[in-house]
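The structure file protein.txt is reproduced below (compact mmCIF, C-alpha atoms (C1' of nucleotides)).
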# COMPACT_ATOMS: atom_id res chain seq x y z
CA MET I 878 -1.48 -35.35 -8.46
CA HIS I 879 -2.92 -33.26 -5.86
CA THR I 880 -3.12 -30.03 -7.61
CA THR I 881 -1.03 -27.20 -6.37
CA SER I 882 -0.91 -26.02 -2.82
CA PRO I 883 2.61 -24.70 -2.97
CA THR I 884 2.70 -23.66 0.61
CA SER I 885 5.20 -21.04 -0.46
CA THR I 886 2.68 -18.27 -0.35
CA LEU I 887 2.42 -15.87 -3.22
CA PRO I 888 3.21 -12.20 -2.66
CA ALA I 889 0.50 -10.39 -0.74
CA LYS I 890 -0.34 -8.16 -3.68
CA VAL I 891 -1.00 -11.20 -5.84
CA ARG I 892 -3.20 -12.84 -3.22
CA PHE I 893 -5.07 -9.60 -2.83
CA GLY I 894 -5.52 -9.28 -6.56
CA HIS I 895 -6.95 -12.77 -6.86
CA ALA I 896 -9.29 -12.25 -3.93
CA LEU I 897 -10.44 -8.95 -5.36
CA ARG I 898 -11.25 -10.39 -8.75
CA ALA I 899 -13.04 -13.36 -7.23
CA ALA I 900 -15.12 -11.13 -4.99
CA ARG I 901 -15.94 -8.69 -7.75
CA GLU I 902 -17.05 -11.42 -10.13
CA MET I 903 -19.09 -13.06 -7.43
CA LEU I 904 -20.94 -9.78 -7.08
CA GLY I 905 -21.40 -9.60 -10.81
CA MET I 906 -19.63 -6.27 -10.95
CA SER I 907 -17.55 -4.88 -13.78
CA GLN I 908 -14.14 -3.33 -13.14
CA GLU I 909 -15.65 -0.03 -14.07
CA GLU I 910 -18.41 -0.38 -11.52
CA LEU I 911 -15.94 -1.36 -8.84
CA ALA I 912 -13.72 1.53 -9.77
CA GLU I 913 -16.56 3.93 -9.30
CA ARG I 914 -17.62 2.42 -5.99
CA ALA I 915 -14.08 2.50 -4.63
CA GLY I 916 -13.23 5.89 -6.02
CA LEU I 917 -10.32 4.54 -8.01
CA HIS I 918 -9.57 4.41 -11.69
CA ARG I 919 -10.84 1.69 -13.98
CA THR I 920 -7.46 0.76 -15.42
CA TYR I 921 -5.87 0.64 -12.02
CA ILE I 922 -8.31 -1.99 -10.78
CA GLY I 923 -7.28 -4.28 -13.60
CA GLN I 924 -3.61 -3.90 -12.80
CA VAL I 925 -4.25 -4.57 -9.12
CA GLU I 926 -6.29 -7.67 -9.88
CA ARG I 927 -3.39 -8.96 -11.93
CA GLY I 928 -1.02 -8.35 -9.02
CA GLU I 929 0.99 -5.87 -11.02
CA ARG I 930 0.78 -2.96 -8.61
CA ASN I 931 2.24 -2.29 -5.19
CA ILE I 932 -1.00 -0.93 -3.79
CA SER I 933 -1.25 1.12 -0.58
CA VAL I 934 -3.19 0.05 2.53
CA ASP I 935 -5.71 2.80 2.16
CA SER I 936 -6.55 1.74 -1.38
CA MET I 937 -6.75 -1.91 -0.37
CA GLU I 938 -9.12 -0.97 2.38
CA ARG I 939 -11.36 0.96 0.03
CA LEU I 940 -11.44 -1.90 -2.45
CA ALA I 941 -12.14 -4.41 0.31
CA ALA I 942 -15.03 -2.24 1.48
CA ALA I 943 -16.34 -1.98 -2.07
CA VAL I 944 -16.59 -5.75 -2.36
CA LYS I 945 -17.73 -6.07 1.24
CA ILE I 946 -14.99 -8.35 2.47
CA ASP I 947 -12.64 -7.62 5.34
CA LEU I 948 -9.15 -6.81 4.19
CA TRP I 949 -7.46 -9.36 6.41
CA ILE I 950 -9.65 -12.09 4.94
CA MET I 951 -8.59 -11.11 1.46
CA LEU I 952 -4.97 -11.56 2.49
CA THR I 953 -5.41 -14.91 4.15
CA PRO I 954 -3.39 -17.53 2.31
CA LYS I 955 -5.51 -20.38 1.07
CA MET P 717 -26.51 -6.57 25.84
CA HIS P 718 -23.38 -7.55 24.49
CA THR P 719 -21.45 -4.44 25.23
CA THR P 720 -18.50 -3.12 23.36
CA SER P 721 -16.67 -4.86 20.71
CA PRO P 722 -16.29 -1.63 18.83
CA THR P 723 -16.52 -3.44 15.61
CA SER P 724 -15.95 0.02 14.22
CA THR P 725 -12.51 -1.03 13.25
CA LEU P 726 -9.71 1.45 13.09
CA PRO P 727 -8.09 2.13 9.73
CA ALA P 728 -5.97 -0.76 8.51
CA LYS P 729 -2.79 1.26 8.64
CA VAL P 730 -3.40 2.02 12.30
CA ARG P 731 -4.12 -1.63 13.12
CA PHE P 732 -0.99 -2.61 11.29
CA GLY P 733 1.05 -0.01 13.14
CA HIS P 734 -0.18 -1.26 16.49
CA ALA P 735 0.46 -4.86 15.59
CA LEU P 736 3.93 -4.00 14.39
CA ARG P 737 4.84 -2.18 17.57
CA ALA P 738 3.41 -4.95 19.73
CA ALA P 739 5.33 -7.60 17.80
CA ARG P 740 8.54 -5.62 17.88
CA GLU P 741 8.35 -5.00 21.59
CA MET P 742 7.49 -8.60 22.24
CA LEU P 743 10.71 -9.51 20.49
CA GLY P 744 12.55 -6.98 22.61
CA MET P 745 13.70 -5.14 19.53
CA SER P 746 14.33 -1.42 19.16
CA GLN P 747 13.04 0.48 16.16
CA GLU P 748 16.64 0.79 15.11
CA GLU P 749 17.16 -2.95 15.22
CA LEU P 750 13.96 -3.62 13.30
CA ALA P 751 14.93 -1.02 10.75
CA GLU P 752 18.19 -2.81 10.16
CA ARG P 753 16.54 -6.22 9.89
CA ALA P 754 13.91 -4.99 7.47
CA GLY P 755 16.29 -2.85 5.48
CA LEU P 756 14.28 0.27 6.16
CA HIS P 757 14.98 3.55 7.87
CA ARG P 758 14.59 3.92 11.60
CA THR P 759 12.31 6.95 11.45
CA TYR P 760 10.12 5.33 8.86
CA ILE P 761 9.37 2.43 11.19
CA GLY P 762 8.27 4.88 13.86
CA GLN P 763 5.93 6.67 11.50
CA VAL P 764 4.41 3.39 10.37
CA GLU P 765 3.93 2.20 13.95
CA ARG P 766 2.04 5.41 14.67
CA GLY P 767 -0.19 4.83 11.66
CA GLU P 768 0.97 8.03 10.03
CA ARG P 769 2.00 6.51 6.73
CA ASN P 770 -0.15 5.04 4.02
CA ILE P 771 2.21 2.13 3.58
CA SER P 772 2.24 -0.15 0.55
CA VAL P 773 1.63 -3.92 0.55
CA ASP P 774 5.20 -4.71 -0.29
CA SER P 775 6.53 -2.70 2.63
CA MET P 776 3.99 -4.23 4.98
CA GLU P 777 5.04 -7.65 3.85
CA ARG P 778 8.71 -6.91 4.54
CA LEU P 779 7.93 -5.57 7.99
CA ALA P 780 5.69 -8.53 8.77
CA ALA P 781 8.49 -10.87 7.75
CA ALA P 782 10.95 -8.99 9.96
CA VAL P 783 8.78 -9.59 13.02
CA LYS P 784 7.89 -13.09 11.84
CA ILE P 785 4.14 -12.67 11.76
CA ASP P 786 1.91 -13.24 8.74
CA LEU P 787 0.59 -10.03 7.31
CA TRP P 788 -3.03 -11.10 7.38
CA ILE P 789 -2.73 -11.83 11.10
CA MET P 790 -1.39 -8.36 11.73
CA LEU P 791 -4.47 -6.93 10.05
CA THR P 792 -6.99 -9.06 11.89
CA PRO P 793 -9.21 -6.84 13.99
CA LYS P 794 -9.16 -7.72 17.64
C1' DA Y 1277 15.89 5.13 22.12
C1' DT Y 1278 11.94 7.70 19.77
C1' DG Y 1279 8.90 11.68 17.73
C1' DT Y 1280 8.32 15.03 14.24
C1' DG Y 1281 8.37 18.26 10.14
C1' DA Y 1282 10.45 18.98 6.05
C1' DC Y 1283 12.47 17.52 2.16
C1' DT Y 1284 13.63 14.83 -2.72
C1' DT Y 1285 12.93 10.86 -5.71
C1' DA Y 1286 10.40 6.82 -6.99
C1' DC Y 1287 6.39 4.95 -7.98
C1' DA Y 1288 1.10 4.73 -6.95
C1' DG Y 1289 -2.73 6.10 -9.29
C1' DT Y 1290 -5.05 8.81 -13.50
C1' DC Y 1291 -6.41 9.43 -18.03
C1' DC Y 1292 -6.05 9.13 -22.91
C1' DG Y 1293 -6.26 5.70 -26.16
C1' DT Y 1294 -6.05 0.71 -28.99
C1' DG Y 1295 -7.32 -4.30 -30.02
C1' DT X 1428 -16.14 -5.84 -21.02
C1' DC X 1429 -11.19 -6.20 -20.37
C1' DA X 1430 -5.78 -6.05 -21.31
C1' DC X 1431 -2.34 -3.26 -22.41
C1' DG X 1432 0.37 1.03 -23.49
C1' DG X 1433 2.28 5.86 -22.98
C1' DA X 1434 2.27 10.20 -20.65
C1' DC X 1435 1.07 12.41 -17.08
C1' DT X 1436 0.17 13.98 -11.61
C1' DG X 1437 0.01 13.05 -6.77
C1' DT X 1438 1.67 10.83 -3.03
C1' DA X 1439 4.42 6.95 -0.70
C1' DA X 1440 9.26 5.83 0.02
C1' DG X 1441 13.07 6.96 2.08
C1' DT X 1442 16.20 10.32 4.56
C1' DC X 1443 17.67 14.00 7.74
C1' DA X 1444 18.18 17.54 11.64
C1' DC X 1445 16.62 18.31 15.78
C1' DA X 1446 13.49 18.03 19.97

Using structure tokens, write down the structure that the file contains.
Amino acid sequence: MHTTSPTSTLPAKVRFGHALRAAREMLGMSQEELAERAGLHRTYIGQVERGERNISVDSMERLAAAVKIDLWIMLTPK
Amino acid sequence: MHTTSPTSTLPAKVRFGHALRAAREMLGMSQEELAERAGLHRTYIGQVERGERNISVDSMERLAAAVKIDLWIMLTPK
DNA sequence: ATGTGACTTACAGTCCGTG
DNA sequence: TCACGGACTGTAAGTCACA
């Protein structure tokens, strides 16, 4: 059945959200910790991870830095 | 010695702006034309190309689509 | 054909809480 | 620890007049 791979890429904000959550969990960080590191609000992180927010480049960049992954990598479609 | 390679990457919005302008010019398009294609305002495109605006993911995605380049590629540091 | 400053309105981003 | 909501505040979106 070949699980998934719907080449029809998901919206960038969704891909970013997934990558962010994955990276954060890999680092064993809580949303609150990440929020603090990135200088953003706790609740906002959650919404971004769920792909619910139309985040700005600057914020993406700060979050990417906080999880130590280059932004462009976080947006690369799997 | 390994000179240069100013890994000290410019802000993402600046990289995006440069990539957008390069792509647009490569396609021989005017800002006005691109604006029409992307459904955005002419002056806004200019501001984005100059890295003056903290653009959102959604807008970046639309612009990337208008110049037919994947967003993540446009953000890849040279 | 583009740059720029100024402007209004829509929504990014905060902060309080609850389960 | 996180999802989710409502009410707020700040700033991006989107437009314009003019250089």

Between chain I and chain P, the Cα RMSD after least-squares superposition over all Cα in sequence order is 1.8 Å

If you take every atom of chain X that the file lists and fit an axis-aligned box around them with 4 Å extra on each side, what centre and edge lengths come out in Å to one decimal, as JSON?
{"center_x": 1.0, "center_y": 6.1, "center_z": -1.8, "size_x": 42.3, "size_y": 32.5, "size_z": 51.5}

Shortest contact to Val730 (chain P), candidates P:Val783, P:Gly767, P:Asp774, P:Met745, atoms counted only C-alpha atoms, goes to P:Gly767

Interface list for chain I, partner chain X, 9 Å threshold, only C-alpha atoms (C1' of nucleotides), as a PDB file with C-alpha atoms, in the coordinates of the input:
ATOM      1  CA  SER I 907     -17.550  -4.880 -13.780  1.00  0.00           C
ATOM      2  CA  GLN I 908     -14.140  -3.330 -13.140  1.00  0.00           C
ATOM      3  CA  GLY I 923      -7.280  -4.280 -13.600  1.00  0.00           C
ATOM      4  CA  SER I 933      -1.250   1.120  -0.580  1.00  0.00           C
TER       5      SER I 933
END

Protein/DNA/RNA residues near (-15.0, 9.0, -4.7), cut 12 Å, all atoms listed in the file, as a ChimeraX atom specification
/I:911-918,936,939-940,943

For chain P, list the residues within 12 Å of chain Y, counting all atoms listed in the file, and write the list as a ChimeraX atom specification. /P:745-749,758-766,768,770-773

Okay, now the selection with C-alpha atoms, as an mmCIF file, in the frame of the given file?
data_model
loop_
_atom_site.group_PDB
_atom_site.id
_atom_site.type_symbol
_atom_site.label_atom_id
_atom_site.label_comp_id
_atom_site.auth_asym_id
_atom_site.auth_seq_id
_atom_site.Cartn_x
_atom_site.Cartn_y
_atom_site.Cartn_z
ATOM 1 C CA MET P 745 13.700 -5.140 19.530
ATOM 2 C CA SER P 746 14.330 -1.420 19.160
ATOM 3 C CA GLN P 747 13.040 0.480 16.160
ATOM 4 C CA GLU P 748 16.640 0.790 15.110
ATOM 5 C CA GLU P 749 17.160 -2.950 15.220
ATOM 6 C CA ARG P 758 14.590 3.920 11.600
ATOM 7 C CA THR P 759 12.310 6.950 11.450
ATOM 8 C CA TYR P 760 10.120 5.330 8.860
ATOM 9 C CA ILE P 761 9.370 2.430 11.190
ATOM 10 C CA GLY P 762 8.270 4.880 13.860
ATOM 11 C CA GLN P 763 5.930 6.670 11.500
ATOM 12 C CA VAL P 764 4.410 3.390 10.370
ATOM 13 C CA GLU P 765 3.930 2.200 13.950
ATOM 14 C CA ARG P 766 2.040 5.410 14.670
ATOM 15 C CA GLU P 768 0.970 8.030 10.030
ATOM 16 C CA ASN P 770 -0.150 5.040 4.020
ATOM 17 C CA ILE P 771 2.210 2.130 3.580
ATOM 18 C CA SER P 772 2.240 -0.150 0.550
ATOM 19 C CA VAL P 773 1.630 -3.920 0.550
#

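The space separating CA of Glu777 (chain P) from CA of Lys794 (chain P) comes to 19.8 Å.
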
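Closest approach to chain P among I:Lys945, I:Gly905, I:Met937, I:Leu897 is made by I:Met937 (distances from all atoms listed in the file).
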
For region 904-925 of chain I, supply N, CA, C and O atoms and report the output as a PDB file, in the coordinates of the input.
ATOM      1  N   LEU I 904     -19.900 -10.809  -7.212  1.00  0.00           N
ATOM      2  CA  LEU I 904     -20.940  -9.780  -7.080  1.00  0.00           C
ATOM      3  C   LEU I 904     -21.490  -9.345  -8.436  1.00  0.00           C
ATOM      4  O   LEU I 904     -22.348  -8.470  -8.516  1.00  0.00           O
ATOM      5  N   GLY I 905     -20.933  -9.931  -9.479  1.00  0.00           N
ATOM      6  CA  GLY I 905     -21.400  -9.600 -10.810  1.00  0.00           C
ATOM      7  C   GLY I 905     -21.114  -8.159 -11.201  1.00  0.00           C
ATOM      8  O   GLY I 905     -21.868  -7.534 -11.944  1.00  0.00           O
ATOM      9  N   MET I 906     -19.994  -7.658 -10.681  1.00  0.00           N
ATOM     10  CA  MET I 906     -19.630  -6.270 -10.950  1.00  0.00           C
ATOM     11  C   MET I 906     -18.574  -6.192 -12.044  1.00  0.00           C
ATOM     12  O   MET I 906     -17.748  -7.078 -12.167  1.00  0.00           O
ATOM     13  N   SER I 907     -18.603  -5.107 -12.797  1.00  0.00           N
ATOM     14  CA  SER I 907     -17.550  -4.880 -13.780  1.00  0.00           C
ATOM     15  C   SER I 907     -16.430  -4.103 -13.093  1.00  0.00           C
ATOM     16  O   SER I 907     -16.623  -3.527 -12.028  1.00  0.00           O
ATOM     17  N   GLN I 908     -15.249  -4.087 -13.715  1.00  0.00           N
ATOM     18  CA  GLN I 908     -14.140  -3.330 -13.140  1.00  0.00           C
ATOM     19  C   GLN I 908     -14.514  -1.861 -13.047  1.00  0.00           C
ATOM     20  O   GLN I 908     -14.142  -1.169 -12.108  1.00  0.00           O
ATOM     21  N   GLU I 909     -15.246  -1.425 -14.043  1.00  0.00           N
ATOM     22  CA  GLU I 909     -15.650  -0.030 -14.070  1.00  0.00           C
ATOM     23  C   GLU I 909     -16.572   0.310 -12.901  1.00  0.00           C
ATOM     24  O   GLU I 909     -16.416   1.351 -12.260  1.00  0.00           O
ATOM     25  N   GLU I 910     -17.494  -0.587 -12.633  1.00  0.00           N
ATOM     26  CA  GLU I 910     -18.410  -0.380 -11.520  1.00  0.00           C
ATOM     27  C   GLU I 910     -17.638  -0.336 -10.199  1.00  0.00           C
ATOM     28  O   GLU I 910     -17.864   0.527  -9.355  1.00  0.00           O
ATOM     29  N   LEU I 911     -16.746  -1.286 -10.056  1.00  0.00           N
ATOM     30  CA  LEU I 911     -15.940  -1.360  -8.840  1.00  0.00           C
ATOM     31  C   LEU I 911     -15.097  -0.099  -8.679  1.00  0.00           C
ATOM     32  O   LEU I 911     -14.994   0.456  -7.586  1.00  0.00           O
ATOM     33  N   ALA I 912     -14.529   0.322  -9.784  1.00  0.00           N
ATOM     34  CA  ALA I 912     -13.720   1.530  -9.770  1.00  0.00           C
ATOM     35  C   ALA I 912     -14.503   2.715  -9.231  1.00  0.00           C
ATOM     36  O   ALA I 912     -14.020   3.470  -8.388  1.00  0.00           O
ATOM     37  N   GLU I 913     -15.712   2.826  -9.715  1.00  0.00           N
ATOM     38  CA  GLU I 913     -16.560   3.930  -9.300  1.00  0.00           C
ATOM     39  C   GLU I 913     -16.882   3.833  -7.816  1.00  0.00           C
ATOM     40  O   GLU I 913     -16.742   4.801  -7.077  1.00  0.00           O
ATOM     41  N   ARG I 914     -17.285   2.647  -7.389  1.00  0.00           N
ATOM     42  CA  ARG I 914     -17.620   2.420  -5.990  1.00  0.00           C
ATOM     43  C   ARG I 914     -16.449   2.729  -5.064  1.00  0.00           C
ATOM     44  O   ARG I 914     -16.631   3.220  -3.952  1.00  0.00           O
ATOM     45  N   ALA I 915     -15.255   2.350  -5.500  1.00  0.00           N
ATOM     46  CA  ALA I 915     -14.080   2.500  -4.630  1.00  0.00           C
ATOM     47  C   ALA I 915     -13.403   3.844  -4.807  1.00  0.00           C
ATOM     48  O   ALA I 915     -12.476   4.177  -4.078  1.00  0.00           O
ATOM     49  N   GLY I 916     -13.841   4.598  -5.779  1.00  0.00           N
ATOM     50  CA  GLY I 916     -13.230   5.890  -6.020  1.00  0.00           C
ATOM     51  C   GLY I 916     -11.833   5.770  -6.588  1.00  0.00           C
ATOM     52  O   GLY I 916     -10.946   6.578  -6.294  1.00  0.00           O
ATOM     53  N   LEU I 917     -11.625   4.722  -7.378  1.00  0.00           N
ATOM     54  CA  LEU I 917     -10.320   4.540  -8.010  1.00  0.00           C
ATOM     55  C   LEU I 917     -10.517   4.471  -9.519  1.00  0.00           C
ATOM     56  O   LEU I 917     -11.644   4.436  -9.996  1.00  0.00           O
ATOM     57  N   HIS I 918      -9.427   4.420 -10.243  1.00  0.00           N
ATOM     58  CA  HIS I 918      -9.570   4.410 -11.690  1.00  0.00           C
ATOM     59  C   HIS I 918      -9.686   3.001 -12.244  1.00  0.00           C
ATOM     60  O   HIS I 918      -9.034   2.074 -11.780  1.00  0.00           O
ATOM     61  N   ARG I 919     -10.545   2.883 -13.215  1.00  0.00           N
ATOM     62  CA  ARG I 919     -10.840   1.690 -13.980  1.00  0.00           C
ATOM     63  C   ARG I 919      -9.604   0.872 -14.353  1.00  0.00           C
ATOM     64  O   ARG I 919      -9.519  -0.314 -14.045  1.00  0.00           O
ATOM     65  N   THR I 920      -8.636   1.504 -14.957  1.00  0.00           N
ATOM     66  CA  THR I 920      -7.460   0.760 -15.420  1.00  0.00           C
ATOM     67  C   THR I 920      -6.609   0.256 -14.262  1.00  0.00           C
ATOM     68  O   THR I 920      -5.947  -0.766 -14.366  1.00  0.00           O
ATOM     69  N   TYR I 921      -6.665   1.004 -13.179  1.00  0.00           N
ATOM     70  CA  TYR I 921      -5.870   0.640 -12.020  1.00  0.00           C
ATOM     71  C   TYR I 921      -6.383  -0.647 -11.386  1.00  0.00           C
ATOM     72  O   TYR I 921      -5.599  -1.514 -10.977  1.00  0.00           O
ATOM     73  N   ILE I 922      -7.685  -0.775 -11.321  1.00  0.00           N
ATOM     74  CA  ILE I 922      -8.310  -1.990 -10.780  1.00  0.00           C
ATOM     75  C   ILE I 922      -7.784  -3.223 -11.504  1.00  0.00           C
ATOM     76  O   ILE I 922      -7.395  -4.208 -10.885  1.00  0.00           O
ATOM     77  N   GLY I 923      -7.763  -3.151 -12.809  1.00  0.00           N
ATOM     78  CA  GLY I 923      -7.280  -4.280 -13.600  1.00  0.00           C
ATOM     79  C   GLY I 923      -5.854  -4.654 -13.245  1.00  0.00           C
ATOM     80  O   GLY I 923      -5.530  -5.836 -13.058  1.00  0.00           O
ATOM     81  N   GLN I 924      -5.013  -3.647 -13.126  1.00  0.00           N
ATOM     82  CA  GLN I 924      -3.610  -3.900 -12.800  1.00  0.00           C
ATOM     83  C   GLN I 924      -3.467  -4.507 -11.404  1.00  0.00           C
ATOM     84  O   GLN I 924      -2.640  -5.391 -11.188  1.00  0.00           O
ATOM     85  N   VAL I 925      -4.282  -4.034 -10.481  1.00  0.00           N
ATOM     86  CA  VAL I 925      -4.250  -4.570  -9.120  1.00  0.00           C
ATOM     87  C   VAL I 925      -4.708  -6.019  -9.111  1.00  0.00           C
ATOM     88  O   VAL I 925      -4.090  -6.873  -8.490  1.00  0.00           O
TER      89      VAL I 925
END
